Structures are given as structure tokens and as C-alpha cells.
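Visitor: Supplied structure: final10.tsv, TSV, C-alpha atoms.
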chain	number	residue	atom	x	y	z
A	1	MET	CA	-22.98	-9.05	-9.32
A	2	PRO	CA	-19.18	-9.55	-9.34
A	3	ARG	CA	-17.82	-12.94	-10.23
A	4	GLU	CA	-15.23	-12.78	-7.48
A	5	ARG	CA	-15.95	-12.37	-3.80
A	6	GLY	CA	-13.65	-11.21	-1.03
A	7	GLU	CA	-10.20	-9.71	-1.14
A	8	LYS	CA	-7.14	-10.95	-3.04
A	9	VAL	CA	-3.92	-9.13	-2.15
A	10	VAL	CA	-1.54	-8.62	-5.08
A	11	ALA	CA	1.26	-6.57	-3.48
A	12	THR	CA	2.07	-5.06	-0.09
A	13	ASN	CA	4.54	-2.38	0.89
A	14	ARG	CA	5.97	-3.78	4.11
A	15	ARG	CA	8.82	-1.28	4.11
A	16	ALA	CA	6.36	1.64	4.35
A	17	ARG	CA	5.32	0.71	7.89
A	18	HIS	CA	9.01	0.71	8.88
A	19	GLU	CA	9.93	3.95	7.09
A	20	TYR	CA	6.81	5.99	7.92
A	21	ALA	CA	4.47	6.68	10.81
A	22	ILE	CA	1.00	5.97	9.36
A	23	GLU	CA	-1.61	8.58	10.29
A	24	LYS	CA	-4.73	7.61	8.30
A	25	THR	CA	-5.51	5.17	5.49
A	26	TYR	CA	-7.85	5.46	2.51
A	27	GLU	CA	-9.10	2.96	-0.06
A	28	ALA	CA	-8.95	4.17	-3.64
A	29	GLY	CA	-9.86	2.64	-6.97
A	30	LEU	CA	-7.42	2.57	-9.88
A	31	VAL	CA	-7.88	3.50	-13.53
A	32	LEU	CA	-6.17	0.63	-15.37
A	33	THR	CA	-5.93	-0.72	-18.90
A	34	GLY	CA	-6.90	-4.30	-19.78
A	35	THR	CA	-3.37	-5.68	-19.86
A	36	GLU	CA	-2.60	-4.11	-16.48
A	37	VAL	CA	-5.54	-5.90	-14.91
A	38	LYS	CA	-4.48	-9.21	-16.47
A	39	SER	CA	-0.93	-8.74	-15.18
A	40	LEU	CA	-2.25	-7.94	-11.70
A	41	ARG	CA	-4.47	-11.03	-11.74
A	42	GLN	CA	-1.28	-13.06	-12.28
A	43	GLY	CA	-0.06	-11.52	-9.00
A	44	ARG	CA	2.68	-9.40	-10.49
A	45	ALA	CA	3.25	-5.88	-9.11
A	46	ASN	CA	5.74	-3.88	-7.05
A	47	ILE	CA	4.57	-0.89	-5.00
A	48	ASN	CA	7.68	-0.40	-2.85
A	49	ASP	CA	8.89	2.71	-4.71
A	50	GLY	CA	5.40	4.09	-5.31
A	51	TYR	CA	3.92	7.32	-4.06
A	52	ALA	CA	0.73	9.29	-4.61
A	53	TYR	CA	0.24	12.98	-5.25
A	54	ILE	CA	-2.59	15.41	-5.90
A	55	ASP	CA	-2.58	17.64	-8.96
A	56	GLY	CA	-5.43	19.83	-10.15
A	57	GLY	CA	-7.99	18.31	-7.80
A	58	GLU	CA	-7.19	14.75	-8.91
A	59	ALA	CA	-5.12	12.06	-7.20
A	60	PHE	CA	-2.45	10.07	-9.05
A	61	LEU	CA	-0.29	7.05	-8.23
A	62	ASP	CA	3.24	7.12	-9.61
A	63	ALA	CA	6.30	4.80	-9.73
A	64	VAL	CA	4.27	1.62	-9.18
A	65	HIS	CA	5.67	-1.17	-11.32
A	66	ILE	CA	3.10	-3.42	-13.01
A	67	PRO	CA	5.06	-5.53	-15.51
A	68	GLU	CA	3.86	-6.04	-19.06
A	69	TYR	CA	1.37	-8.84	-19.62
A	70	SER	CA	3.19	-11.89	-20.98
A	71	GLN	CA	0.56	-12.73	-23.64
A	72	GLY	CA	0.02	-9.10	-24.62
A	73	HIS	CA	1.36	-7.64	-27.86
A	74	TRP	CA	1.25	-4.10	-29.26
A	75	THR	CA	-1.61	-3.25	-26.88
A	76	ASN	CA	0.61	-3.74	-23.81
A	77	HIS	CA	0.96	-0.94	-21.26
A	78	ALA	CA	4.00	0.96	-20.01
A	79	SER	CA	5.15	-0.74	-16.82
A	80	LYS	CA	5.80	2.42	-14.75
A	81	ARG	CA	3.18	4.88	-15.90
A	82	THR	CA	1.20	7.35	-13.78
A	83	ARG	CA	-2.21	5.95	-12.86
A	84	LYS	CA	-5.23	7.94	-11.74
A	85	LEU	CA	-6.76	7.19	-8.34
A	86	LEU	CA	-10.51	7.14	-7.89
A	87	LEU	CA	-11.45	9.01	-4.71
A	88	HIS	CA	-14.37	11.16	-3.61
A	89	LYS	CA	-13.84	14.90	-3.90
A	90	ASP	CA	-14.00	15.44	-0.13
A	91	GLU	CA	-11.35	12.75	0.40
A	92	ILE	CA	-9.06	14.45	-2.13
A	93	ILE	CA	-9.53	17.77	-0.32
A	94	LYS	CA	-8.70	16.14	3.05
A	95	LEU	CA	-5.59	14.53	1.55
A	96	SER	CA	-4.40	17.78	-0.05
A	97	HIS	CA	-4.81	19.63	3.27
A	98	ALA	CA	-2.87	16.92	5.11
A	99	ILE	CA	-0.03	17.03	2.59
A	100	SER	CA	0.14	20.83	2.51
A	101	ALA	CA	0.47	20.86	6.33
A	102	GLY	CA	4.07	19.80	5.75
A	103	GLY	CA	6.09	16.69	6.47
A	104	TYR	CA	3.38	14.33	5.22
A	105	THR	CA	3.28	12.21	2.10
A	106	LEU	CA	0.92	9.72	0.44
A	107	VAL	CA	2.27	6.17	0.43
A	108	PRO	CA	0.63	3.07	-1.09
A	109	LEU	CA	0.40	0.26	1.46
A	110	LYS	CA	-1.43	-2.50	-0.38
A	111	LEU	CA	-2.63	-3.29	-3.91
A	112	TYR	CA	-5.51	-5.76	-4.04
A	113	PHE	CA	-8.73	-6.88	-5.69
A	114	SER	CA	-11.91	-6.29	-3.70
A	115	ASP	CA	-14.91	-8.10	-5.20
A	116	GLY	CA	-13.16	-8.15	-8.57
A	117	ARG	CA	-12.18	-4.47	-8.63
A	118	ALA	CA	-8.58	-3.27	-8.36
A	119	LYS	CA	-8.03	-1.14	-5.25
A	120	VAL	CA	-5.05	0.47	-3.56
A	121	GLU	CA	-4.79	1.36	0.11
A	122	ILE	CA	-2.98	4.68	0.48
A	123	ALA	CA	-1.88	6.27	3.73
A	124	VAL	CA	-1.12	9.76	4.93
A	125	ALA	CA	2.28	9.18	6.48
A	126	LYS	CA	5.11	11.10	8.11
A	127	GLY	CA	8.69	9.94	7.63
A	128	LYS	CA	10.43	8.44	10.66
A	129	ARG	CA	13.93	9.41	11.65
A	130	GLU	CA	16.58	6.75	12.17
A	131	PHE	CA	16.30	6.64	15.96
A	132	GLU	CA	12.51	6.29	15.74
A	133	LYS	CA	12.93	3.25	13.47
A	134	ARG	CA	15.35	1.65	15.95
A	135	GLN	CA	12.99	2.42	18.83
A	136	THR	CA	10.08	0.77	17.01
A	137	LEU	CA	12.16	-2.36	16.34
A	138	ARG	CA	13.29	-2.49	19.98
A	139	GLU	CA	9.70	-2.17	21.24
A	140	ARG	CA	8.57	-4.98	18.92
A	141	GLU	CA	11.39	-7.27	20.10
A	142	ASP	CA	10.64	-6.51	23.77
A	143	LYS	CA	6.97	-7.32	23.21
A	144	ARG	CA	7.88	-10.65	21.55
A	145	GLU	CA	10.21	-11.58	24.41
A	146	ALA	CA	7.51	-10.78	26.97
A	147	GLU	CA	5.00	-12.95	25.09
A	148	ARG	CA	7.51	-15.82	24.92
A	149	ALA	CA	8.15	-15.56	28.65
A	150	MET	CA	4.41	-15.58	29.38
A	151	ARG	CA	3.90	-18.64	27.16
A	152	SER	CA	6.74	-20.56	28.78
A	153	ARG	CA	5.47	-19.61	32.25
A	154	ASN	CA	1.97	-20.80	31.33
A	155	ARG	CA	3.32	-24.12	30.03
A	156	LEU	CA	5.23	-24.74	33.25
A	157	GLY	CA	2.10	-24.02	35.31
A	158	ASP	CA	0.00	-26.64	33.46
Take the structure in this file and express it as C-alpha cells.

Guide:
Amino acid sequence: MPRERGEKVVATNRRARHEYAIEKTYEAGLVLTGTEVKSLRQGRANINDGYAYIDGGEAFLDAVHIPEYSQGHWTNHASKRTRKLLLHKDEIIKLSHAISAGGYTLVPLKLYFSDGRAKVEIAVAKGKREFEKRQTLREREDKREAERAMRSRNRLGD
């Protein structure tokens, strides 16, 4: 029985949803050392530059920055080391097929604790071009304006 219940988000990659078109998401466990877990529990991590890859039938997470634990000493971890992802074999095969199709990459979206266990949400994503990013922003702004107009119209009708 885990001591913690629910989900505690440590880091999110908000830029990924702007830079990439998200196709499918997966939840994966992380192989971490003790000082990495303690540093994550303090809420310290940066996944903005991170990416995942598959090598030899195993999935790895690279370029994710988990700073050294402040009370750690010689047992501290390297802050930007490659970490193994815990996924089922069939999920790894699906991911490798999606990546080998071309134009797709694995991007971490969120790093969090789920019932006391460190998890990362990774996504199969395709990079957006500049005009697609502008179009997405324009659609979001148009939707907000329409909602504002509907709210103001509803207030006037009351």
C-alpha cells in the first residue's frame, strides 16, 4: 500500500504542445537513484530539452535535467544522465514502429508521481512547421474571443 495517493506533478513541458502535433501518449515508469527521487520530491526538474529514444529493445529518456540533491554528498547523481524508461515490450515495439515511420519523435510531456511512483508521460509527436504553429495560436485566440462574446451576451440577457 503506497503512502501517497493521487498524482503530484513535478514538471511539465508546455512548449512541446506548441512545437509538436501530439499523436498518442504513453505512461512510463523511470529507473531512478535515491537522490534523484529526493530531488524530484522537492519539485525540482526540467524536461523542456528532453527526448526519448529506443535502443536495443529498451526505451531511454535523455537530456532531462534533475538537479543534484542539496543534502546529498558523494552519492549524488549526475544531473543530465540517460535514464531507462519502464514500458511493456509491446508498447516499445509500437513506439519503435511509429518512430521508424519517419517524421515522428518521442517527447516527454509531464513528469509526476502517481501513488508514490515516479512516472513520465511520453508522446509520439510530429514536429509542426512555423505556419502550423501560427494557425494553432490564431484558432485558440478566435475561440477565446468567441467565448468572451458569448459570456458578455449572456450577462446582458440576464

Visitor: Using all atoms listed in the file, find the one residue out of A:Asp90, A:Arg151, A:His18, A:Lys80 that sits nearest to Gln135 in chain A.

Guide: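 Nearest to Gln135 in chain A: A:His18.
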
Visitor: What gap, in Å, lies between CA of Pro108 in chain A and CA of Val9 in chain A?

Guide: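 Computing the Euclidean distance for CA of Pro108 in chain A and CA of Val9 in chain A yields 13.1 Å.
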
Visitor: Could you name the residues that touch Lys119 in chain A at 8 Å or less, counting only C-alpha atoms, but leaving out those on the same chain fewer than 5 positions away, as an NGL selection string?

Guide: :A and (27-30 or 111-114)

Visitor: If we count all atoms listed in the file and set the cut-off at 8 Å, which residues sit around Ala45 in chain A, ignoring sequence neighbours fewer than 6 positions away in its own chain? Please answer as JSON, numbers by chain.

Guide: {"A": [10, 11, 39, 64, 65, 66, 67]}

Visitor: Might you pull out every residue within 10 Å of Leu85 in chain A, with all atoms listed in the file counted and same-chain residues fewer than 4 positions away left off, and present them as a PDB file with C-alpha atoms, in the frame of the given file?

Guide:
ATOM      1  CA  GLU A  27      -9.100   2.960  -0.060  1.00  0.00           C
ATOM      2  CA  ALA A  28      -8.950   4.170  -3.640  1.00  0.00           C
ATOM      3  CA  GLY A  29      -9.860   2.640  -6.970  1.00  0.00           C
ATOM      4  CA  LEU A  30      -7.420   2.570  -9.880  1.00  0.00           C
ATOM      5  CA  VAL A  31      -7.880   3.500 -13.530  1.00  0.00           C
ATOM      6  CA  LEU A  32      -6.170   0.630 -15.370  1.00  0.00           C
ATOM      7  CA  ALA A  52       0.730   9.290  -4.610  1.00  0.00           C
ATOM      8  CA  TYR A  53       0.240  12.980  -5.250  1.00  0.00           C
ATOM      9  CA  ILE A  54      -2.590  15.410  -5.900  1.00  0.00           C
ATOM     10  CA  GLU A  58      -7.190  14.750  -8.910  1.00  0.00           C
ATOM     11  CA  ALA A  59      -5.120  12.060  -7.200  1.00  0.00           C
ATOM     12  CA  PHE A  60      -2.450  10.070  -9.050  1.00  0.00           C
ATOM     13  CA  LEU A  61      -0.290   7.050  -8.230  1.00  0.00           C
ATOM     14  CA  ILE A  92      -9.060  14.450  -2.130  1.00  0.00           C
ATOM     15  CA  LYS A 119      -8.030  -1.140  -5.250  1.00  0.00           C
ATOM     16  CA  VAL A 120      -5.050   0.470  -3.560  1.00  0.00           C
ATOM     17  CA  ILE A 122      -2.980   4.680   0.480  1.00  0.00           C
TER      18      ILE A 122
END

Visitor: List as a count of residues only: which residues have an atom within 7 Å of (2.3, -5.1, 3.4), counting only C-alpha atoms?

Guide: 5

Visitor: Rounded to one decimal, what separation in Å do you get between CA of Glu4 in chain A and CA of Asp115 in chain A?

Guide: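 Here the two named atoms are 5.2 Å from each other.
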
Visitor: Nearest residue to Lys89 in chain A out of A:Glu68, A:Gly57, A:Glu147, A:Thr136, using all atoms listed in the file?

Guide: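 Checking each candidate against Lys89 in chain A, we get A:Gly57 as the closest.
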
Visitor: Using only C-alpha atoms, which residue out of A:Lys8, A:His88, A:Arg144, A:Arg83 lies closest to Tyr26 in chain A?

Guide: A:His88

Visitor: So, counting only C-alpha atoms, which residue among A:Arg134, A:Ile47, A:Arg15, A:His77 is closest to Glu121 in chain A?

Guide: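 Among the listed residues, the smallest separation from Glu121 in chain A belongs to A:Ile47.
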
Visitor: When distances are computed from only C-alpha atoms, which of A:Ser152, A:Glu23, A:Phe131, A:Ser79 shows the smallest separation from Ala98 in chain A?

Guide: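 The shortest atom-to-atom distance to Ala98 in chain A comes from A:Glu23.
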
Visitor: Which residue gives the smallest distance to Arg3 in chain A among A:Gly50, A:Leu87, A:Arg117, A:Gly102, with only C-alpha atoms counted?

Guide: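 Nearest candidate to Arg3 in chain A out of A:Gly50, A:Leu87, A:Arg117, A:Gly102: A:Arg117.
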
Visitor: If you measure from CA of Lys84 in chain A to CA of Gly43 in chain A, what distance in Å do you get, rounded to one decimal?

Guide: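 That distance, rounded to one decimal, is 20.3 Å.
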
Visitor: Within 10 Å of (10.9, 3.1, 5.0) (coordinates as in the file), grab all the protein and nucleic acid residues, counting only C-alpha atoms, and write them out as number ranges by chain.

Guide: A: 13-21, 48-49, 127-130, 133
